[in-house]
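So this one's input25.cif, mmCIF, C-alpha atoms:
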data_target
#
loop_
_atom_site.label_atom_id
_atom_site.label_comp_id
_atom_site.auth_asym_id
_atom_site.auth_seq_id
_atom_site.Cartn_x
_atom_site.Cartn_y
_atom_site.Cartn_z
CA LYS A 270 -13.84 7.70 52.84
CA ILE A 271 -14.82 7.67 49.21
CA LYS A 272 -18.50 7.87 50.15
CA LYS A 273 -17.84 11.07 52.08
CA ILE A 274 -16.03 12.53 49.08
CA VAL A 275 -18.40 11.49 46.30
CA TYR A 276 -21.90 11.43 47.77
CA PRO A 277 -22.23 15.18 48.57
CA PHE A 278 -21.97 15.91 44.87
CA TYR A 279 -25.08 13.84 44.14
CA ARG A 280 -27.46 15.60 46.52
CA THR A 281 -28.39 18.13 43.88
CA LYS A 282 -31.34 17.38 41.63
CA LYS A 283 -29.40 17.58 38.39
CA MET A 284 -26.02 15.94 37.84
CA ASN A 285 -23.85 17.22 35.00
CA LEU A 286 -21.41 15.28 32.85
CA PHE A 287 -18.36 16.77 34.54
CA ARG A 288 -19.30 15.35 37.93
CA PHE A 289 -20.00 11.97 36.39
CA TYR A 290 -16.53 11.75 34.95
CA CYS A 291 -15.09 12.89 38.28
CA SER A 292 -16.81 9.96 39.97
CA VAL A 293 -15.45 7.53 37.38
CA LEU A 294 -11.96 8.95 37.89
CA ILE A 295 -12.19 8.64 41.66
CA CYS A 296 -13.37 5.06 41.38
CA THR A 297 -10.54 4.21 39.01
CA LEU A 298 -7.88 5.71 41.26
CA GLN A 299 -9.32 4.20 44.44
CA GLN A 300 -9.40 0.57 43.33
CA ASN A 301 -9.11 -0.79 46.86
CA ALA A 302 -12.17 1.18 47.96
CA CYS A 303 -14.29 0.60 44.86
CA GLY A 304 -13.41 -3.04 44.44
CA ARG A 305 -11.84 -4.70 41.43
CA ILE A 306 -13.36 -2.50 38.75
CA ALA A 307 -13.84 -4.13 35.39
CA ALA A 308 -10.23 -5.26 35.08
CA PHE A 309 -10.96 -8.52 36.86
CA SER A 310 -14.74 -8.79 36.58
CA PRO A 311 -17.23 -8.18 33.75
CA GLN A 312 -19.54 -6.34 36.17
CA PRO A 313 -18.80 -3.22 38.25
CA SER A 314 -18.36 -3.59 41.99
CA PRO A 315 -21.37 -2.91 44.28
CA LEU A 316 -19.98 0.41 45.50
CA THR A 317 -19.25 1.54 41.93
CA LYS A 318 -22.79 0.61 40.94
CA GLN A 319 -24.19 2.61 43.87
CA ILE A 320 -22.21 5.68 42.89
CA LEU A 321 -23.13 5.48 39.22
CA HIS A 322 -26.75 4.83 40.12
CA HIS A 323 -26.99 8.43 41.30
CA THR A 324 -25.95 9.65 37.83
CA HIS A 325 -28.80 7.61 36.26
CA ILE A 326 -26.37 5.36 34.41
CA PHE A 327 -27.64 2.33 36.32
CA SER A 328 -31.33 1.92 36.99
CA THR A 329 -33.69 -0.81 38.00
CA LYS A 330 -34.74 -1.50 34.44
CA SER A 331 -33.38 -4.54 32.66
CA SER A 332 -32.58 -2.67 29.45
CA PRO A 333 -28.87 -2.76 28.52
CA PHE A 334 -29.11 0.96 27.62
CA LYS A 335 -28.95 3.43 30.48
CA HIS A 336 -29.47 7.14 30.16
CA PHE A 337 -27.48 10.09 31.40
CA ASP A 338 -28.86 13.53 30.58
CA GLY A 339 -30.78 11.99 27.70
CA LEU A 340 -27.76 10.16 26.24
CA PRO A 341 -28.03 6.34 25.94
CA ILE A 342 -24.98 4.55 27.34
CA ARG A 343 -24.40 0.82 27.44
CA GLU A 344 -23.18 -0.76 30.66
CA ASP A 345 -20.63 -2.88 28.78
CA ALA A 346 -19.28 0.25 27.07
CA LEU A 347 -18.81 1.89 30.45
CA THR A 348 -17.10 -1.25 31.73
CA THR A 349 -14.75 -1.22 28.74
CA ALA A 350 -13.89 2.43 29.35
CA LEU A 351 -13.14 1.77 33.00
CA TYR A 352 -10.98 -1.21 32.05
CA ALA A 353 -9.02 0.84 29.51
CA THR A 354 -8.40 3.59 32.03
CA ASN A 355 -7.32 1.09 34.66
CA LYS A 356 -5.07 -0.71 32.21
CA ASN A 357 -3.33 2.48 31.10
CA LYS A 358 -2.81 3.45 34.73
CA GLU A 359 -1.12 0.15 35.47
CA ASP A 360 1.08 0.17 32.37
CA LYS A 361 2.34 3.76 32.57
CA PHE A 362 5.47 3.05 34.57
CA SER A 363 6.05 -0.57 33.68
CA PHE A 364 9.35 -2.07 32.55
CA LYS A 365 8.20 -1.72 28.96
CA GLN A 366 7.88 2.04 29.38
CA ARG A 367 11.42 2.19 30.75
CA ILE A 368 12.67 0.47 27.63
CA GLU A 369 10.75 3.01 25.52
CA SER A 370 12.44 5.82 27.46
CA ILE A 371 15.87 4.35 26.74
CA LYS A 372 15.04 4.09 23.04
CA THR A 373 13.81 7.69 23.14
CA ALA A 374 17.07 8.87 24.71
CA VAL A 375 19.11 7.10 22.02
CA ILE A 376 17.06 8.73 19.26
CA GLY A 377 17.46 12.14 20.85
CA LEU A 378 21.19 11.63 21.37
CA ALA A 379 21.80 10.83 17.70
CA ALA A 380 19.32 13.26 16.14
CA GLY A 381 20.31 16.22 18.31
CA GLY A 382 24.00 15.83 17.64
CA VAL A 383 23.54 15.50 13.87
CA ALA A 384 21.11 18.42 13.63
CA SER A 385 23.11 20.87 15.72
CA THR A 386 26.72 20.16 14.78
CA PRO A 387 26.78 22.36 11.62
CA PHE A 388 25.45 25.34 13.57
CA ILE A 389 27.87 24.73 16.44
CA PHE A 390 30.70 24.66 13.91
CA LEU A 391 29.47 27.98 12.55
CA HIS A 392 29.48 29.47 16.04
CA ASP A 393 32.70 28.03 17.49
CA VAL A 394 34.97 27.86 14.43
CA LEU A 395 33.84 30.24 11.70
CA PHE A 396 32.38 33.10 13.76
CA PRO A 397 33.74 32.87 17.32
CA VAL A 398 32.34 35.67 19.42
CA ASP A 399 35.14 35.75 22.00
CA SER A 400 38.36 33.77 21.79
CA SER A 401 38.58 33.66 25.57
CA TYR A 402 35.46 31.47 25.67
CA THR A 403 36.01 29.38 22.54
CA SER A 404 38.98 27.37 21.29
CA GLY A 405 37.94 26.42 17.77
CA PHE A 406 37.62 22.72 17.09
CA SER A 407 37.93 21.73 20.75
CA SER A 408 34.91 23.88 21.64
CA TRP A 409 33.05 22.47 18.65
CA GLU A 410 33.61 18.90 19.86
CA PHE A 411 32.70 19.69 23.45
CA ASP A 412 29.56 21.68 22.56
CA THR A 413 28.40 18.96 20.17
CA ASP A 414 28.81 16.28 22.85
CA MET A 415 26.97 18.34 25.46
CA GLY A 416 24.27 19.20 22.94
CA SER A 417 23.73 15.51 22.25
CA LEU A 418 23.22 14.84 25.96
CA GLN A 419 20.80 17.75 26.19
CA ALA A 420 18.89 16.38 23.21
CA ALA A 421 18.64 12.95 24.85
CA LEU A 422 17.07 14.46 27.97
CA PHE A 423 14.82 16.67 25.84
CA ALA A 424 13.55 13.65 23.90
CA ILE A 425 12.48 11.94 27.13
CA VAL A 426 10.68 15.07 28.34
CA TYR A 427 9.10 15.53 24.90
CA ARG A 428 7.68 12.00 25.02
CA TYR A 429 6.17 12.63 28.45
CA CYS A 430 4.66 15.97 27.39
CA VAL A 431 3.30 15.05 23.94
CA ARG A 432 1.29 11.92 24.72
CA GLU A 433 -1.18 9.66 22.98
CA GLU A 434 -4.09 11.44 21.28
CA ASP A 435 -2.33 14.83 21.66
CA ASP A 436 -2.62 16.43 18.22
CA ASN A 437 -2.14 20.02 19.33
CA GLU A 438 0.75 21.49 17.34
CA MET A 439 1.00 24.40 19.75
CA LEU A 440 1.91 21.94 22.51
CA ASN A 441 4.77 20.55 20.42
CA MET A 442 6.00 24.04 19.59
CA GLY A 443 5.69 25.14 23.21
CA VAL A 444 7.88 22.30 24.49
CA VAL A 445 10.53 23.00 21.85
CA GLY A 446 10.37 26.76 22.39
CA ALA A 447 10.79 26.46 26.15
CA PHE A 448 14.00 24.46 25.78
CA VAL A 449 15.32 26.79 23.07
CA VAL A 450 14.82 29.89 25.22
CA VAL A 451 16.40 28.36 28.32
CA ARG A 452 19.48 27.07 26.49
CA THR A 453 19.96 30.26 24.47
CA LEU A 454 19.87 32.62 27.45
CA SER A 455 22.06 30.39 29.62
CA ARG A 456 24.88 30.42 27.05
CA VAL A 457 25.25 34.21 26.81
CA HIS A 458 28.46 35.51 28.38
CA VAL A 459 28.65 39.06 29.72
CA PRO A 460 31.77 40.85 28.42
CA SER A 461 34.32 42.04 30.99
CA TYR A 462 33.88 45.70 30.04
CA CYS A 463 30.20 45.82 31.18
CA THR A 464 29.34 47.77 34.33
CA ALA A 465 26.88 46.54 36.94
CA ALA A 466 23.91 47.95 38.90
CA PRO A 467 22.40 48.69 36.44
CA LEU A 468 24.01 46.50 33.79
CA ASP A 469 25.43 48.60 30.96
CA CYS A 470 27.41 47.07 28.12
CA GLY A 471 27.17 49.86 25.59
CA ASP A 472 25.45 50.32 22.25
CA PRO A 473 22.93 49.61 20.91
CA LEU A 474 20.67 48.69 23.85
CA GLY A 475 22.81 49.25 26.89
CA TYR A 476 21.81 45.98 28.55
CA PHE A 477 22.78 44.11 25.35
CA ASP A 478 25.61 45.29 23.15
CA PHE A 479 26.45 43.98 19.68
CA ASN A 480 28.61 41.21 21.10
CA MET A 481 25.81 39.85 23.29
CA ILE A 482 23.26 40.17 20.50
CA GLN A 483 25.54 38.12 18.26
CA GLN A 484 25.74 35.49 20.99
CA LEU A 485 21.96 35.41 21.26
CA VAL A 486 21.55 34.91 17.51
CA LEU A 487 24.16 32.17 17.16
CA ASN A 488 23.12 30.33 20.32
CA GLY A 489 19.49 30.65 19.27
CA LEU A 490 20.24 29.01 15.92
CA GLU A 491 22.11 26.20 17.69
CA SER A 492 19.30 25.60 20.17
CA ALA A 493 16.55 25.73 17.55
CA ALA A 494 18.37 23.20 15.36
CA LEU A 495 19.15 21.00 18.37
CA PHE A 496 15.66 20.71 19.84
CA ALA A 497 13.57 21.12 16.69
CA GLY A 498 15.64 18.43 14.99
CA THR A 499 15.16 16.13 17.98
CA ALA A 500 11.41 16.75 18.00
CA ALA A 501 11.21 16.01 14.26
CA ALA A 502 13.13 12.78 14.80
CA MET A 503 10.73 11.80 17.57
CA GLU A 504 7.71 12.38 15.35
CA TYR A 505 9.35 10.32 12.62
CA ALA A 506 10.01 7.53 15.12
CA TYR A 507 6.36 7.63 16.19
CA GLU A 508 5.21 7.24 12.59
CA ARG A 509 7.57 4.29 12.04
CA ASN A 510 6.54 2.68 15.35
CA TRP A 511 10.16 2.67 16.53
CA VAL A 512 8.99 4.10 19.82
CA SER A 513 5.51 4.48 21.29
CA LYS A 514 3.95 7.61 22.71
CA PHE A 515 3.50 7.80 26.45
CA PRO A 516 -0.09 6.87 27.40
CA ASN A 517 -2.49 9.45 28.83
#
Please express the file's structure as C-alpha cells.
Amino acid sequence: KIKKIVYPFYRTKKMNLFRFYCSVLICTLQQNACGRIAAFSPQPSPLTKQILHHTHIFSTKSSPFKHFDGLPIREDALTTALYATNKNKEDKFSFKQRIESIKTAVIGLAAGGVASTPFIFLHDVLFPVDSSYTSGFSSWEFDTDMGSLQAALFAIVYRYCVREEDDNEMLNMGVVGAFVVVRTLSRVHVPSYCTAAPLDCGDPLGYFDFNMIQQLVLNGLESAALFAGTAAAMEYAYERNWVSKFPN
C-alpha cells in the first residue's frame, strides 16, 4: 500500500524537498510497512532505502555523504532524525505525559484563582451590575472557584497548543485571546427590559445598552486576568522545568 502511495511522486525528473519530507513522514507513521526504522537498527529498512533512493539520498557510492538537490546529507544524520521523530511519536501519550498534564492542571488551578480573584471581587462585590444575578461574597466565592477550574482546563489546552520549539508569541496570544473572548461573551446577561427580533436594549447602541457594556468590560477584565495569568504561570513553570512542554 505504501508503494502505491509514495512511488507516483517519484516519477517526475526532479524531486523537491517537500516531497522528500513527506516520504520520511509516511515511513515514520507506517512503521509496520517500512520496517523497524532506526529505532531498533542502525540502518534503515530495505523499503525505506528504496524510497529514499529515489530522492538521491542513497546512492551506489560508498561515500557517507549523499546529496539531495546539491545539499550533502549524512546517512547517520538521517537515521538520527528518523529515530528522534519515532521516539517523540511513541512518547507523546505515555504515562509520563499524563503526569505532566496533571501538574499542568494544578498550576493552572492555583495561578488562575490567584490572578482573577481581585477582579472578580471588583465585579461581584464593589460594582455589581445586577443584584438579581449577584449576591456579593457568595458570588465572589463561586466565581473564583469556577474560574480556577476553567484555568486548570485552559492550562492543559495551552500546553497542547504551545509545544516544543514554538517561539511564536502570536500563537500564545491567540490561545489566550480565544479563551478570553469566549468566557467574556458567555457571561453577559440580557436585561429583562430588552425586546427581541431584533434585539433592542436601548442606548447607546441598541443591541448593547450601558448595562451590557459594563458587563462586557468587567467580565473582560476577569477573563484577561484569569487566562493571561495562567499563561504567564505556565511560561514560568517551563523556565523552571517544573513541567515540560508537549513534544511536536
With only C-alpha atoms as the basis for distance, which of A:Met442, A:Ala380, A:Val449, A:Val457 is at the shortest distance from A:Leu490?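 Using only C-alpha atoms, the shortest distance to A:Leu490 belongs to A:Val449.
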Measuring between all atoms listed in the file, which one of A:Arg367, A:Phe406, A:Val383, A:Pro460 shows the shortest distance to A:Phe479? A:Pro460
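Our summary of the geometry notes that atom CA of A:Val444 is positioned 16.8 Å from atom CA of A:Gly416.
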If we count all atoms listed in the file and set the cut-off at 12 Å, which residues sit around A:Asn441, ignoring sequence neighbours fewer than 6 positions away in its own chain? Please answer as a ChimeraX atom specification. /A:424,426-432,435,447-448,496-497,499-501,503-504
State, in Å with one decimal place, the distance from atom CA of A:Val451 to atom CA of A:Glu369.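 A separation of 26.1 Å between them.
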Do you know which residues are at most 12 Å from stretch 413-415 of chain A counting all atoms listed in the file, after dropping those on the same chain fewer than 6 positions away, and could you put them as number ranges by chain? A: 378-393, 406-407, 421-422, 452, 491-492, 494-495
Can you work out the spacing between atom CA of A:Asp472 and atom CA of A:Leu395 in Å, to one decimal?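 For atom CA of A:Asp472 relative to atom CA of A:Leu395, the distance reads 24.2 Å.
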N, CA and C atoms are what I want for stretch 464-489 of chain A; can you complete it accordingly and write them as an mmCIF file, in the coordinates of the input?
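Generated file (selection.cif):
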data_model
loop_
_atom_site.group_PDB
_atom_site.id
_atom_site.type_symbol
_atom_site.label_atom_id
_atom_site.label_comp_id
_atom_site.auth_asym_id
_atom_site.auth_seq_id
_atom_site.Cartn_x
_atom_site.Cartn_y
_atom_site.Cartn_z
ATOM 1 N N THR A 464 29.451 47.269 32.954
ATOM 2 C CA THR A 464 29.340 47.770 34.330
ATOM 3 C C THR A 464 28.035 47.278 34.948
ATOM 4 N N ALA A 465 28.036 47.120 36.252
ATOM 5 C CA ALA A 465 26.880 46.540 36.940
ATOM 6 C C ALA A 465 26.071 47.596 37.670
ATOM 7 N N ALA A 466 24.833 47.189 38.032
ATOM 8 C CA ALA A 466 23.910 47.950 38.900
ATOM 9 C C ALA A 466 23.704 49.399 38.450
ATOM 10 N N PRO A 467 23.005 49.650 37.368
ATOM 11 C CA PRO A 467 22.400 48.690 36.440
ATOM 12 C C PRO A 467 23.407 48.225 35.388
ATOM 13 N N LEU A 468 23.119 47.063 34.803
ATOM 14 C CA LEU A 468 24.010 46.500 33.790
ATOM 15 C C LEU A 468 24.039 47.391 32.560
ATOM 16 N N ASP A 469 25.247 47.749 32.144
ATOM 17 C CA ASP A 469 25.430 48.600 30.960
ATOM 18 C C ASP A 469 26.632 48.089 30.185
ATOM 19 N N CYS A 470 26.352 47.615 28.966
ATOM 20 C CA CYS A 470 27.410 47.070 28.120
ATOM 21 C C CYS A 470 27.682 47.927 26.894
ATOM 22 N N GLY A 471 26.923 48.981 26.717
ATOM 23 C CA GLY A 471 27.170 49.860 25.590
ATOM 24 C C GLY A 471 26.100 49.761 24.527
ATOM 25 N N ASP A 472 26.391 50.316 23.368
ATOM 26 C CA ASP A 472 25.450 50.320 22.250
ATOM 27 C C ASP A 472 25.186 48.902 21.751
ATOM 28 N N PRO A 473 23.989 48.631 21.194
ATOM 29 C CA PRO A 473 22.930 49.610 20.910
ATOM 30 C C PRO A 473 21.851 49.710 21.993
ATOM 31 N N LEU A 474 21.779 48.728 22.909
ATOM 32 C CA LEU A 474 20.670 48.690 23.850
ATOM 33 C C LEU A 474 21.092 48.950 25.289
ATOM 34 N N GLY A 475 22.356 49.064 25.525
ATOM 35 C CA GLY A 475 22.810 49.250 26.890
ATOM 36 C C GLY A 475 22.918 47.932 27.628
ATOM 37 N N TYR A 476 21.809 47.287 27.871
ATOM 38 C CA TYR A 476 21.810 45.980 28.550
ATOM 39 C C TYR A 476 22.449 44.927 27.655
ATOM 40 N N PHE A 477 22.182 45.000 26.349
ATOM 41 C CA PHE A 477 22.780 44.110 25.350
ATOM 42 C C PHE A 477 23.566 44.954 24.357
ATOM 43 N N ASP A 478 24.849 44.631 24.202
ATOM 44 C CA ASP A 478 25.610 45.290 23.150
ATOM 45 C C ASP A 478 25.654 44.365 21.931
ATOM 46 N N PHE A 479 26.404 44.766 20.908
ATOM 47 C CA PHE A 479 26.450 43.980 19.680
ATOM 48 C C PHE A 479 27.037 42.595 19.908
ATOM 49 N N ASN A 480 28.009 42.507 20.798
ATOM 50 C CA ASN A 480 28.610 41.210 21.100
ATOM 51 C C ASN A 480 27.591 40.253 21.692
ATOM 52 N N MET A 481 26.798 40.716 22.634
ATOM 53 C CA MET A 481 25.810 39.850 23.290
ATOM 54 C C MET A 481 24.669 39.522 22.344
ATOM 55 N N ILE A 482 24.306 40.453 21.485
ATOM 56 C CA ILE A 482 23.260 40.170 20.500
ATOM 57 C C ILE A 482 23.722 39.091 19.530
ATOM 58 N N GLN A 483 24.994 39.156 19.128
ATOM 59 C CA GLN A 483 25.540 38.120 18.260
ATOM 60 C C GLN A 483 25.503 36.756 18.956
ATOM 61 N N GLN A 484 25.825 36.738 20.248
ATOM 62 C CA GLN A 484 25.740 35.490 20.990
ATOM 63 C C GLN A 484 24.317 34.947 21.027
ATOM 64 N N LEU A 485 23.353 35.838 21.226
ATOM 65 C CA LEU A 485 21.960 35.410 21.260
ATOM 66 C C LEU A 485 21.535 34.791 19.925
ATOM 67 N N VAL A 486 21.936 35.415 18.827
ATOM 68 C CA VAL A 486 21.550 34.910 17.510
ATOM 69 C C VAL A 486 22.162 33.546 17.234
ATOM 70 N N LEU A 487 23.472 33.424 17.457
ATOM 71 C CA LEU A 487 24.160 32.170 17.160
ATOM 72 C C LEU A 487 23.712 31.046 18.091
ATOM 73 N N ASN A 488 23.590 31.353 19.374
ATOM 74 C CA ASN A 488 23.120 30.330 20.320
ATOM 75 C C ASN A 488 21.663 29.965 20.053
ATOM 76 N N GLY A 489 20.874 30.949 19.615
ATOM 77 C CA GLY A 489 19.490 30.650 19.270
ATOM 78 C C GLY A 489 19.384 29.710 18.086
#
